Each structure stands twice: as C-alpha cells, then as structure tokens.
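As structure tokens, the structure follows; a few thoughts come after it.
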Amino acid sequence: SIPSAVKIVEVGPRDGLQNEKDFVPTPVKIELVNRLAAAGFKNVEAASFVSPKWVPQMADGAEVMNGIERRAGTIYSVLTPNLKGFEGALAARADEIVIFGAASEAFSQKNINCSIAESIARFEPVVAAAKEHGVRVRGSVSCALGCPYQGEVPVASVVDVVERFAALGCDEIDIADTIGVGTPKRTREVFSAVTQSFPRERLSGHFHDTYGQALANIYAALFEGIEIYHASVAGLGGCPYAKGATGNVATEDVLYLMNGLGIETGVDLDQVVAIGDFISTSIGRANVSRAGKALLAK
Ligand code: HMG
Ligand code: MG
C-alpha cells in the first residue's frame, strides 16, 4: 500500500534558481521562500553556502536567510559543501544543512572538484560540527539514476554512498536523479535496494524532469513506501554541470498527483500555483508546470 501522507520539500529557491544566469534580486528570493513556507511546506531549501565562484547565483545566501520570516515548525535548509559553508549556515541559523555527493565518480569531479571518497572525507568534519550544534543533516546522492559523463550508474554505487552517508550520521538521504534519465522500473530497483541500508521513512526522491519521467518515478517510489519528495515550484531549474538537464519536477504537478491519490501533503495547491506565476514572471522564465499553467488559465 502507498503512504497516506507525504512531505514535499520545496527546493525551488535553491535548485530552481541556482542556475539562473541573471542574478535574481535578494528580495525576490526572500519573498519566494516566505510565500512557500506560508503555503504549507514544512521544509524549504532556501539557499546554498557554496563558493560564489562556482555558483554566483547563490552568493547572497546569508542575506536570504537573514531576511526571511521564520515559521515555527518549518525547516529551512541550505547546501554546505565544506566547513566554510557550514560556518555560514550556522551563522545564518539554518535548521538543516545539505551535503551532496555523487554516486558517479566522474560527476563528483565536475560538481565538487574531488573524488567520491574525498568528498565523504570532507563532509566528516562538517557533519560532526552540525551534530555538535544540533543542526539536522541531509545527504543528497546525485546521479543515483544515471550520470551525464559515465552513463549507467550501478545500483551498488548508490547503495555504497547511502551507506557512507548513513555512517556519517545523516538524518535524511535524498536519492537524486540529477539529469532526469531514470524510469519507474529503475526507480523501484534503486529504492528497493537502498531501503535495505537506510530507514525508508528518512529517504527521499529528488527527481529532475528532463525526460518527462519525474511524476512516473514519484508514482513508482510511492509503491516502495517513500514518503518524502522534492519539487521545484513552476519546475524551475537546471544543472550547470549536467548539460541539457531541466529543473526538478514541478511542485504544482506533484501536488495535483498527490491530491488525486488522496495523499495528504499539508500544502495548498492554489497558493503554490500563484507562487509559480509570481516567480516565473519575476525572473522572466516560462512556467513549465503543466498543472500550474492549466490552473492559471482557468
Ligand atoms: P574549489 O575551487 O575546489 O575549492 O571548490 P577551494 O577551497 O579552492 O575554494 C575556492 C574559492 O571558493 C576560495 O576563494 C574559497 O574561499 C571559496 P578564494 O580564496 O579563491 O577567493 N569557498 C567558499 N566561499 C563561500 N562558501 C563556501 C566556500 N568554499 C570555498 N562554502 C567547492 C570546491 C566544493 C567549494 C566548490 O566546488 C563548490 O562550492 N561547489 C558547489 C557546487 C554546487 O553548489 N553545485 C550545485 C549543488 S549540487 C546539486 O544541485 C545536486 C542536487 O540538487 C541533487 C541532484 O539533483 O543531484 C543537490
Ligand atoms: Mg537537483
């Protein structure tokens, strides 16, 4: 049987915006995060504390975190690739840090400029510092369903990174289809394997929609009992290190799916549709949410 309730982690302010060429003004980012939290998301990925040379769009992470309203019970997450990032996250009172490593060696080099093993070693002090300060830790496994450089990624490689993240002490682990190549069959195989190594209720699906499979993959993952899904309002996003990759699955579409299945999300679809319109208009991007566009046209 499939879950009766799921948690949707809204990653638009981070994954959705990080690849935008023109700098999105800080007040727009702040309004986006505030409106998302108000719509009911209990977890919003709000910023990155990464090298501004690598991801200039996220250079204002501290200002964003300082500018937002804090809703009780809402987790505001930020990406931290190293201790320097963690220090920034701590100063900005982030509720959760996100460390990220790839299941593919080639992608690790391109995204964080080191091997998988080196990246895990680099995260060790980051996680230790987070634990010391009572900050939640999430580990994101990129290229879990395929890699732009190496192609096929063995299920065993995904399990290996999940186990390393689990050993570090991650509270939650994301299985990420960075380039959206996964299909429902593969999705089930991967989740079926990783749930042997890490508690099902603390695993999430992070699907990009490049090949139009994201909703189908979420539907498949529901049958593996997965209860946490990432999505980006208006389907914003892309990946600078994965050519041609599109954004995450659109949040509006995921909410429409969950509503249709009678699965509780705690999020108000109409508000999210309005937020999708707001952010697309603000940054001059087409809204790629199918449900969002249909509901806006009504
Ligand atoms: P590097 O160039 O190898 O490292 O980058 P470095 O230590 O030599 O640092 C270079 C410069 O950046 C230095 O500045 C550092 O101080 C500075 P300089 O001395 O030259 O003036 N720096 C920082 N500044 C601010 N905050 C920091 C920080 N760290 C260093 N935290 C590094 C290595 C890991 C830092 C770099 O590669 C990096 O920041 N990468 C981040 C890449 C990124 O954000 N990618 C996108 C997120 S992952 C993703 O989207 C996937 C996900 O969505 C899941 C999925 O879909 O798969 C999560
Ligand atoms: Mg992503």
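Within each chain, counting starts at residue 1; across the structure tokens, chains are named A, B, ... in the order shown, with ligands numbered 1 upward in that order.
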
Can you list, as a JSON list (two decimals) with N, CA and C atoms, in the first residue's frame, every protein, DNA or RNA residue that comes within 9 Å of Ile116 (chain A) when you count only C-alpha atoms, leaving out same-chain residues fewer than 6 positions away?
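Printed below is around.json as written:
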```json
[["chain", "number", "residue", "atom", "x", "y", "z"],
["A", 101, "GLY", "N", 26.90, 14.37, -2.47],
["A", 101, "GLY", "CA", 27.94, 13.56, -3.08],
["A", 101, "GLY", "C", 27.31, 12.76, -4.20],
["A", 102, "ALA", "N", 28.12, 12.40, -5.18],
["A", 102, "ALA", "CA", 27.58, 11.69, -6.33],
["A", 102, "ALA", "C", 27.80, 10.20, -6.22],
["A", 103, "ALA", "N", 26.92, 9.46, -6.85],
["A", 103, "ALA", "CA", 27.11, 8.01, -6.96],
["A", 103, "ALA", "C", 28.00, 7.71, -8.17],
["A", 104, "SER", "N", 28.38, 8.77, -8.88],
["A", 104, "SER", "CA", 29.24, 8.61, -10.06],
["A", 104, "SER", "C", 30.53, 9.40, -9.85],
["A", 105, "GLU", "N", 31.64, 8.73, -10.05],
["A", 105, "GLU", "CA", 32.97, 9.33, -9.86],
["A", 105, "GLU", "C", 33.17, 10.54, -10.78],
["A", 108, "SER", "N", 31.24, 13.61, -9.58],
["A", 108, "SER", "CA", 31.81, 14.18, -8.37],
["A", 108, "SER", "C", 32.91, 15.18, -8.73],
["A", 109, "GLN", "N", 33.76, 14.77, -9.64],
["A", 109, "GLN", "CA", 34.86, 15.65, -10.07],
["A", 109, "GLN", "C", 34.31, 16.96, -10.65],
["A", 161, "VAL", "N", 27.13, 4.90, -1.48],
["A", 161, "VAL", "CA", 27.11, 6.28, -0.99],
["A", 161, "VAL", "C", 26.07, 6.44, 0.12]]
```

Give me the region 152-225 of chain A side of the contact with region 257-267 of chain A, cut-off 10 Å, one line per residue showing its nearest atom pair and distance in Å at one decimal, counting only C-alpha atoms, sorted by chain and residue number, as CSV.
```
residue,atom,partner,partner_atom,distance
A:Leu215,CA,A:Leu257,CA,8.0
A:Ile218,CA,A:Leu257,CA,9.4
A:Tyr219,CA,A:Leu257,CA,8.5
```

Next on the checklist: Can you pull out every residue with an atom within 9 Å of ligand 2? Use only C-alpha atoms and all ligand atoms and format it as an NGL selection string.
Outcome noted: :A and (11 or 14-16 or 140 or 142 or 176-179 or 206-208 or 230 or 237-239 or 247-248)

Let me see the file: selected residues, N, CA and C atoms, as a CSV table (one decimal), in the first residue's frame.
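Output saved as selection.csv:
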```csv
chain,number,residue,atom,x,y,z
A,11,VAL,N,12.3,22.8,-3.2
A,11,VAL,CA,13.7,23.2,-3.5
A,11,VAL,C,13.9,24.3,-4.5
A,14,ARG,N,16.5,27.1,-4.1
A,14,ARG,CA,17.9,26.7,-4.3
A,14,ARG,C,18.1,26.0,-5.6
A,15,ASP,N,17.6,24.8,-5.8
A,15,ASP,CA,17.9,24.1,-7.0
A,15,ASP,C,17.3,24.8,-8.2
A,16,GLY,N,16.1,25.4,-8.0
A,16,GLY,CA,15.4,26.1,-9.1
A,16,GLY,C,16.1,27.3,-9.6
A,140,SER,N,22.6,14.3,0.0
A,140,SER,CA,22.0,14.1,-1.3
A,140,SER,C,22.9,13.3,-2.2
A,142,SER,N,23.7,12.4,-5.7
A,142,SER,CA,23.5,12.8,-7.1
A,142,SER,C,23.7,11.7,-8.1
A,176,ALA,N,18.8,11.2,-5.7
A,176,ALA,CA,18.6,12.3,-6.7
A,176,ALA,C,18.9,11.8,-8.1
A,177,ASP,N,17.9,12.0,-9.0
A,177,ASP,CA,18.1,11.8,-10.4
A,177,ASP,C,18.4,13.1,-11.1
A,178,THR,N,19.7,13.5,-10.9
A,178,THR,CA,20.2,14.8,-11.3
A,178,THR,C,19.9,15.2,-12.7
A,179,ILE,N,19.9,14.2,-13.7
A,179,ILE,CA,19.7,14.6,-15.1
A,179,ILE,C,18.4,14.0,-15.6
A,206,HIS,N,14.3,12.8,-5.3
A,206,HIS,CA,14.6,14.1,-5.8
A,206,HIS,C,14.8,13.9,-7.4
A,207,PHE,N,13.7,14.2,-8.0
A,207,PHE,CA,13.6,13.9,-9.5
A,207,PHE,C,13.6,15.1,-10.3
A,208,HIS,N,14.5,15.1,-11.3
A,208,HIS,CA,14.5,16.1,-12.3
A,208,HIS,C,13.7,15.6,-13.5
A,230,HIS,N,11.0,15.8,-3.4
A,230,HIS,CA,11.5,17.1,-3.6
A,230,HIS,C,10.8,17.6,-4.9
A,237,GLY,N,14.6,25.5,-12.9
A,237,GLY,CA,15.9,24.9,-12.6
A,237,GLY,C,16.6,24.2,-13.8
A,238,GLY,N,17.8,23.7,-13.5
A,238,GLY,CA,18.7,23.1,-14.4
A,238,GLY,C,19.9,22.8,-13.7
A,239,CYS,N,20.9,22.2,-14.3
A,239,CYS,CA,22.2,22.0,-13.5
A,239,CYS,C,23.3,22.4,-14.4
A,247,GLY,N,14.8,21.4,-14.8
A,247,GLY,CA,14.6,21.6,-13.4
A,247,GLY,C,14.0,20.3,-12.8
A,248,ASN,N,13.8,20.5,-11.5
A,248,ASN,CA,13.1,19.4,-10.7
A,248,ASN,C,11.7,19.3,-11.3
```

Checklist entry - Among region 56-191 of chain A, which residues carry a DSSP assignment of alpha helix (DSSP H), reported as a PyMOL selection string? => result chain A and resi 61-67+83-91+105-112+116-132+155-168+184-191

Item to check | Protein and nucleic residues near ligand 1, 8 Å, only C-alpha atoms and all ligand atoms, as a PyMOL selection string | outcome: chain A and resi 15+18+48-55+59+79-86+88+98-100+102+111-114+140-144+174-179+206-208+239-241+248

Can you spit out the residues from that selection as a short mmCIF file (atom, residue, chain, number, x, y, z; two decimals), in the first residue's frame, using N, CA and C atoms?
```cif
data_model
loop_
_atom_site.label_atom_id
_atom_site.label_comp_id
_atom_site.auth_asym_id
_atom_site.auth_seq_id
_atom_site.Cartn_x
_atom_site.Cartn_y
_atom_site.Cartn_z
N ASP A 15 17.62 24.80 -5.77
CA ASP A 15 17.86 24.05 -7.00
C ASP A 15 17.26 24.78 -8.20
N GLN A 18 19.51 28.26 -8.72
CA GLN A 18 20.98 28.28 -8.73
C GLN A 18 21.60 28.43 -10.11
N SER A 48 22.23 28.28 -0.73
CA SER A 48 23.46 27.49 -0.71
C SER A 48 24.56 28.33 -0.09
N PHE A 49 25.42 27.68 0.68
CA PHE A 49 26.63 28.33 1.17
C PHE A 49 27.81 27.64 0.49
N VAL A 50 27.88 27.90 -0.83
CA VAL A 50 28.91 27.27 -1.67
C VAL A 50 29.81 28.39 -2.20
N SER A 51 30.83 28.00 -2.92
CA SER A 51 31.74 29.01 -3.47
C SER A 51 31.00 29.88 -4.49
N PRO A 52 31.02 31.20 -4.29
CA PRO A 52 30.33 32.08 -5.24
C PRO A 52 30.99 32.06 -6.62
N LYS A 53 32.23 31.55 -6.66
CA LYS A 53 32.88 31.42 -7.96
C LYS A 53 32.24 30.29 -8.75
N TRP A 54 31.77 29.29 -8.04
CA TRP A 54 31.16 28.14 -8.70
C TRP A 54 29.69 28.39 -8.99
N VAL A 55 29.00 28.98 -8.04
CA VAL A 55 27.56 29.22 -8.21
C VAL A 55 27.24 30.66 -7.77
N ALA A 59 25.23 33.49 -4.14
CA ALA A 59 26.18 34.26 -3.32
C ALA A 59 25.51 35.01 -2.17
N LEU A 79 22.55 24.33 1.40
CA LEU A 79 23.62 23.44 0.95
C LEU A 79 24.97 23.90 1.51
N THR A 80 25.74 22.94 1.99
CA THR A 80 27.07 23.26 2.53
C THR A 80 28.08 22.22 2.02
N PRO A 81 29.00 22.62 1.15
CA PRO A 81 29.96 21.65 0.60
C PRO A 81 31.17 21.42 1.50
N ASN A 82 31.37 22.30 2.47
CA ASN A 82 32.59 22.21 3.30
C ASN A 82 32.37 22.98 4.61
N LEU A 83 33.42 23.01 5.45
CA LEU A 83 33.30 23.68 6.75
C LEU A 83 33.02 25.17 6.63
N LYS A 84 33.63 25.76 5.62
CA LYS A 84 33.38 27.19 5.40
C LYS A 84 31.88 27.43 5.17
N GLY A 85 31.28 26.56 4.37
CA GLY A 85 29.85 26.66 4.13
C GLY A 85 29.06 26.42 5.41
N PHE A 86 29.53 25.46 6.21
CA PHE A 86 28.81 25.19 7.46
C PHE A 86 28.85 26.38 8.40
N GLY A 88 28.94 29.47 7.62
CA GLY A 88 27.95 30.42 7.10
C GLY A 88 26.54 29.97 7.45
N VAL A 98 22.65 20.56 3.96
CA VAL A 98 22.60 19.51 2.96
C VAL A 98 24.02 19.31 2.42
N ILE A 99 24.50 18.10 2.58
CA ILE A 99 25.78 17.74 1.96
C ILE A 99 25.44 16.94 0.71
N PHE A 100 26.31 16.99 -0.27
CA PHE A 100 25.94 16.32 -1.51
C PHE A 100 27.14 15.62 -2.12
N ALA A 102 28.12 12.40 -5.18
CA ALA A 102 27.58 11.69 -6.33
C ALA A 102 27.80 10.20 -6.22
N ASN A 111 31.26 18.37 -10.27
CA ASN A 111 30.35 19.16 -9.41
C ASN A 111 31.05 19.71 -8.19
N ILE A 112 31.89 18.92 -7.56
CA ILE A 112 32.55 19.42 -6.35
C ILE A 112 34.07 19.27 -6.40
N ASN A 113 34.58 18.95 -7.60
CA ASN A 113 36.02 19.02 -7.83
C ASN A 113 36.83 18.05 -6.97
N CYS A 114 36.27 16.89 -6.66
CA CYS A 114 37.04 15.88 -5.92
C CYS A 114 36.38 14.51 -6.11
N SER A 140 22.59 14.28 0.04
CA SER A 140 21.97 14.13 -1.27
C SER A 140 22.88 13.33 -2.19
N VAL A 141 22.35 12.25 -2.73
CA VAL A 141 23.13 11.38 -3.61
C VAL A 141 22.80 11.71 -5.06
N SER A 142 23.69 12.44 -5.71
CA SER A 142 23.46 12.83 -7.11
C SER A 142 23.70 11.66 -8.05
N CYS A 143 23.14 11.78 -9.22
CA CYS A 143 23.35 10.80 -10.29
C CYS A 143 22.98 9.39 -9.87
N ALA A 144 22.00 9.27 -9.00
CA ALA A 144 21.62 7.96 -8.49
C ALA A 144 20.94 7.11 -9.56
N ASP A 174 18.71 11.82 0.29
CA ASP A 174 17.99 12.03 -0.96
C ASP A 174 18.57 11.17 -2.07
N ILE A 175 17.71 10.49 -2.75
CA ILE A 175 18.12 9.76 -3.95
C ILE A 175 17.79 10.68 -5.12
N ALA A 176 18.84 11.22 -5.73
CA ALA A 176 18.62 12.28 -6.73
C ALA A 176 18.89 11.82 -8.15
N ASP A 177 17.88 12.04 -9.00
CA ASP A 177 18.05 11.80 -10.43
C ASP A 177 18.41 13.15 -11.05
N THR A 178 19.66 13.51 -10.92
CA THR A 178 20.20 14.81 -11.31
C THR A 178 19.86 15.20 -12.74
N ILE A 179 19.91 14.24 -13.66
CA ILE A 179 19.71 14.57 -15.08
C ILE A 179 18.41 13.98 -15.63
N HIS A 206 14.34 12.76 -5.27
CA HIS A 206 14.63 14.09 -5.84
C HIS A 206 14.75 13.90 -7.35
N PHE A 207 13.66 14.16 -8.04
CA PHE A 207 13.63 13.85 -9.48
C PHE A 207 13.63 15.10 -10.35
N HIS A 208 14.54 15.11 -11.31
CA HIS A 208 14.51 16.14 -12.35
C HIS A 208 13.70 15.58 -13.52
N CYS A 239 20.92 22.19 -14.27
CA CYS A 239 22.16 21.96 -13.54
C CYS A 239 23.35 22.43 -14.36
N PRO A 240 24.19 23.31 -13.78
CA PRO A 240 25.32 23.85 -14.54
C PRO A 240 26.32 22.77 -14.97
N TYR A 241 26.37 21.65 -14.23
CA TYR A 241 27.35 20.62 -14.57
C TYR A 241 26.73 19.42 -15.28
N ASN A 248 13.76 20.46 -11.50
CA ASN A 248 13.09 19.40 -10.74
C ASN A 248 11.67 19.28 -11.27
#
```

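Going from CA of Ser77 (chain A) over to CA of Arg136 (chain A), you cover 8.8 Å.
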
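Minimum distance to Glu96 (chain A) across A:Asn287, A:Thr74, A:Asn66, A:Ser282 (counting only C-alpha atoms) occurs at A:Thr74.
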
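Each of A:Gly151, A:Pro13, A:Gly284, A:Pro3 was checked against Gln57 (chain A) using only C-alpha atoms; the smallest atom-to-atom distance is that of A:Pro13.
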
Item to check | DSSP-assigned strand (DSSP E or B) among region 12-191 of chain A, expressed as a VMD selection string | outcome: chain A and resid 43 to 48 75 to 79 96 to 102 136 to 142 147 151 172 to 177

Next on the checklist: Please list as a PyMOL selection string every residue within 12 Å of Met65 (chain A), counting only C-alpha atoms and excluding residues in the same chain fewer than 6 positions away.
Outcome noted: chain A and resi 13-14+26-27+29-34+44-49+58-59+75-78+88-95

The selected residues should be written to file as a PDB file, in the first residue's frame (atoms: N, CA and C atoms).
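Okay, this is what ended up in selection33.pdb:
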```
ATOM      1  N   PRO A  13      13.805  27.628  -4.405  1.00  0.00           N
ATOM      2  CA  PRO A  13      14.698  28.763  -4.122  1.00  0.00           C
ATOM      3  C   PRO A  13      16.176  28.408  -4.271  1.00  0.00           C
ATOM      4  N   ARG A  14      16.514  27.131  -4.137  1.00  0.00           N
ATOM      5  CA  ARG A  14      17.914  26.714  -4.280  1.00  0.00           C
ATOM      6  C   ARG A  14      18.120  26.000  -5.625  1.00  0.00           C
ATOM      7  N   THR A  26      17.836  39.684  -4.231  1.00  0.00           N
ATOM      8  CA  THR A  26      17.631  39.056  -2.923  1.00  0.00           C
ATOM      9  C   THR A  26      16.188  39.206  -2.421  1.00  0.00           C
ATOM     10  N   PRO A  27      15.564  40.388  -2.551  1.00  0.00           N
ATOM     11  CA  PRO A  27      14.172  40.496  -2.068  1.00  0.00           C
ATOM     12  C   PRO A  27      13.212  39.528  -2.769  1.00  0.00           C
ATOM     13  N   LYS A  29      14.057  36.501  -3.845  1.00  0.00           N
ATOM     14  CA  LYS A  29      14.324  35.205  -3.217  1.00  0.00           C
ATOM     15  C   LYS A  29      13.647  35.122  -1.853  1.00  0.00           C
ATOM     16  N   ILE A  30      13.731  36.205  -1.099  1.00  0.00           N
ATOM     17  CA  ILE A  30      13.131  36.223   0.241  1.00  0.00           C
ATOM     18  C   ILE A  30      11.610  36.073   0.152  1.00  0.00           C
ATOM     19  N   GLU A  31      11.011  36.807  -0.768  1.00  0.00           N
ATOM     20  CA  GLU A  31       9.550  36.700  -0.922  1.00  0.00           C
ATOM     21  C   GLU A  31       9.160  35.286  -1.346  1.00  0.00           C
ATOM     22  N   LEU A  32       9.962  34.685  -2.215  1.00  0.00           N
ATOM     23  CA  LEU A  32       9.682  33.319  -2.670  1.00  0.00           C
ATOM     24  C   LEU A  32       9.683  32.349  -1.484  1.00  0.00           C
ATOM     25  N   VAL A  33      10.713  32.406  -0.678  1.00  0.00           N
ATOM     26  CA  VAL A  33      10.804  31.495   0.475  1.00  0.00           C
ATOM     27  C   VAL A  33       9.636  31.746   1.435  1.00  0.00           C
ATOM     28  N   ASN A  34       9.356  33.008   1.723  1.00  0.00           N
ATOM     29  CA  ASN A  34       8.275  33.325   2.665  1.00  0.00           C
ATOM     30  C   ASN A  34       6.926  32.819   2.166  1.00  0.00           C
ATOM     31  N   VAL A  44      11.742  23.942   3.329  1.00  0.00           N
ATOM     32  CA  VAL A  44      12.076  24.739   2.152  1.00  0.00           C
ATOM     33  C   VAL A  44      13.596  24.812   2.039  1.00  0.00           C
ATOM     34  N   GLU A  45      14.111  24.408   0.881  1.00  0.00           N
ATOM     35  CA  GLU A  45      15.552  24.532   0.657  1.00  0.00           C
ATOM     36  C   GLU A  45      15.787  25.952   0.175  1.00  0.00           C
ATOM     37  N   ALA A  46      16.379  26.764   1.048  1.00  0.00           N
ATOM     38  CA  ALA A  46      16.324  28.210   0.848  1.00  0.00           C
ATOM     39  C   ALA A  46      17.554  28.818   0.192  1.00  0.00           C
ATOM     40  N   ALA A  47      18.724  28.190   0.333  1.00  0.00           N
ATOM     41  CA  ALA A  47      19.951  28.832  -0.151  1.00  0.00           C
ATOM     42  C   ALA A  47      21.091  27.833  -0.198  1.00  0.00           C
ATOM     43  N   SER A  48      22.231  28.284  -0.728  1.00  0.00           N
ATOM     44  CA  SER A  48      23.461  27.493  -0.705  1.00  0.00           C
ATOM     45  C   SER A  48      24.564  28.328  -0.094  1.00  0.00           C
ATOM     46  N   PHE A  49      25.417  27.684   0.682  1.00  0.00           N
ATOM     47  CA  PHE A  49      26.632  28.331   1.167  1.00  0.00           C
ATOM     48  C   PHE A  49      27.808  27.642   0.493  1.00  0.00           C
ATOM     49  N   MET A  58      23.958  31.943  -5.956  1.00  0.00           N
ATOM     50  CA  MET A  58      23.672  31.652  -4.552  1.00  0.00           C
ATOM     51  C   MET A  58      24.552  32.480  -3.595  1.00  0.00           C
ATOM     52  N   ALA A  59      25.226  33.487  -4.139  1.00  0.00           N
ATOM     53  CA  ALA A  59      26.179  34.261  -3.323  1.00  0.00           C
ATOM     54  C   ALA A  59      25.514  35.012  -2.168  1.00  0.00           C
ATOM     55  N   ILE A  75      11.356  23.790   8.427  1.00  0.00           N
ATOM     56  CA  ILE A  75      12.802  23.573   8.323  1.00  0.00           C
ATOM     57  C   ILE A  75      13.313  24.340   7.107  1.00  0.00           C
ATOM     58  N   TYR A  76      14.263  25.241   7.350  1.00  0.00           N
ATOM     59  CA  TYR A  76      14.902  25.982   6.260  1.00  0.00           C
ATOM     60  C   TYR A  76      16.281  25.377   6.048  1.00  0.00           C
ATOM     61  N   SER A  77      16.481  24.752   4.877  1.00  0.00           N
ATOM     62  CA  SER A  77      17.720  24.028   4.605  1.00  0.00           C
ATOM     63  C   SER A  77      18.651  24.834   3.703  1.00  0.00           C
ATOM     64  N   VAL A  78      19.939  24.582   3.856  1.00  0.00           N
ATOM     65  CA  VAL A  78      20.933  25.198   2.963  1.00  0.00           C
ATOM     66  C   VAL A  78      22.003  24.180   2.583  1.00  0.00           C
ATOM     67  N   GLY A  88      28.942  29.473   7.621  1.00  0.00           N
ATOM     68  CA  GLY A  88      27.953  30.416   7.103  1.00  0.00           C
ATOM     69  C   GLY A  88      26.538  29.973   7.452  1.00  0.00           C
ATOM     70  N   ALA A  89      26.290  28.684   7.321  1.00  0.00           N
ATOM     71  CA  ALA A  89      24.956  28.139   7.603  1.00  0.00           C
ATOM     72  C   ALA A  89      24.601  28.307   9.080  1.00  0.00           C
ATOM     73  N   LEU A  90      25.585  28.087   9.927  1.00  0.00           N
ATOM     74  CA  LEU A  90      25.365  28.199  11.373  1.00  0.00           C
ATOM     75  C   LEU A  90      25.070  29.652  11.747  1.00  0.00           C
ATOM     76  N   ALA A  91      25.881  30.555  11.210  1.00  0.00           N
ATOM     77  CA  ALA A  91      25.681  31.986  11.490  1.00  0.00           C
ATOM     78  C   ALA A  91      24.299  32.428  11.001  1.00  0.00           C
ATOM     79  N   ALA A  92      23.826  31.809   9.921  1.00  0.00           N
ATOM     80  CA  ALA A  92      22.530  32.196   9.342  1.00  0.00           C
ATOM     81  C   ALA A  92      21.365  31.422   9.980  1.00  0.00           C
ATOM     82  N   ARG A  93      21.660  30.630  10.995  1.00  0.00           N
ATOM     83  CA  ARG A  93      20.650  29.860  11.731  1.00  0.00           C
ATOM     84  C   ARG A  93      19.844  28.915  10.816  1.00  0.00           C
ATOM     85  N   ALA A  94      20.549  28.212   9.966  1.00  0.00           N
ATOM     86  CA  ALA A  94      19.881  27.203   9.132  1.00  0.00           C
ATOM     87  C   ALA A  94      19.437  26.051  10.032  1.00  0.00           C
ATOM     88  N   ASP A  95      18.268  25.485   9.736  1.00  0.00           N
ATOM     89  CA  ASP A  95      17.757  24.358  10.535  1.00  0.00           C
ATOM     90  C   ASP A  95      18.353  23.042  10.082  1.00  0.00           C
TER      91      ASP A  95
END
```

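Coordinates place CA of Ala294 (chain A) at a distance of 13.9 Å from CA of Val254 (chain A).
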
Checklist outcome for this item: Correct to one decimal, the distance CA of Phe223 (chain A)-CA of Gly146 (chain A) is 21.0 Å
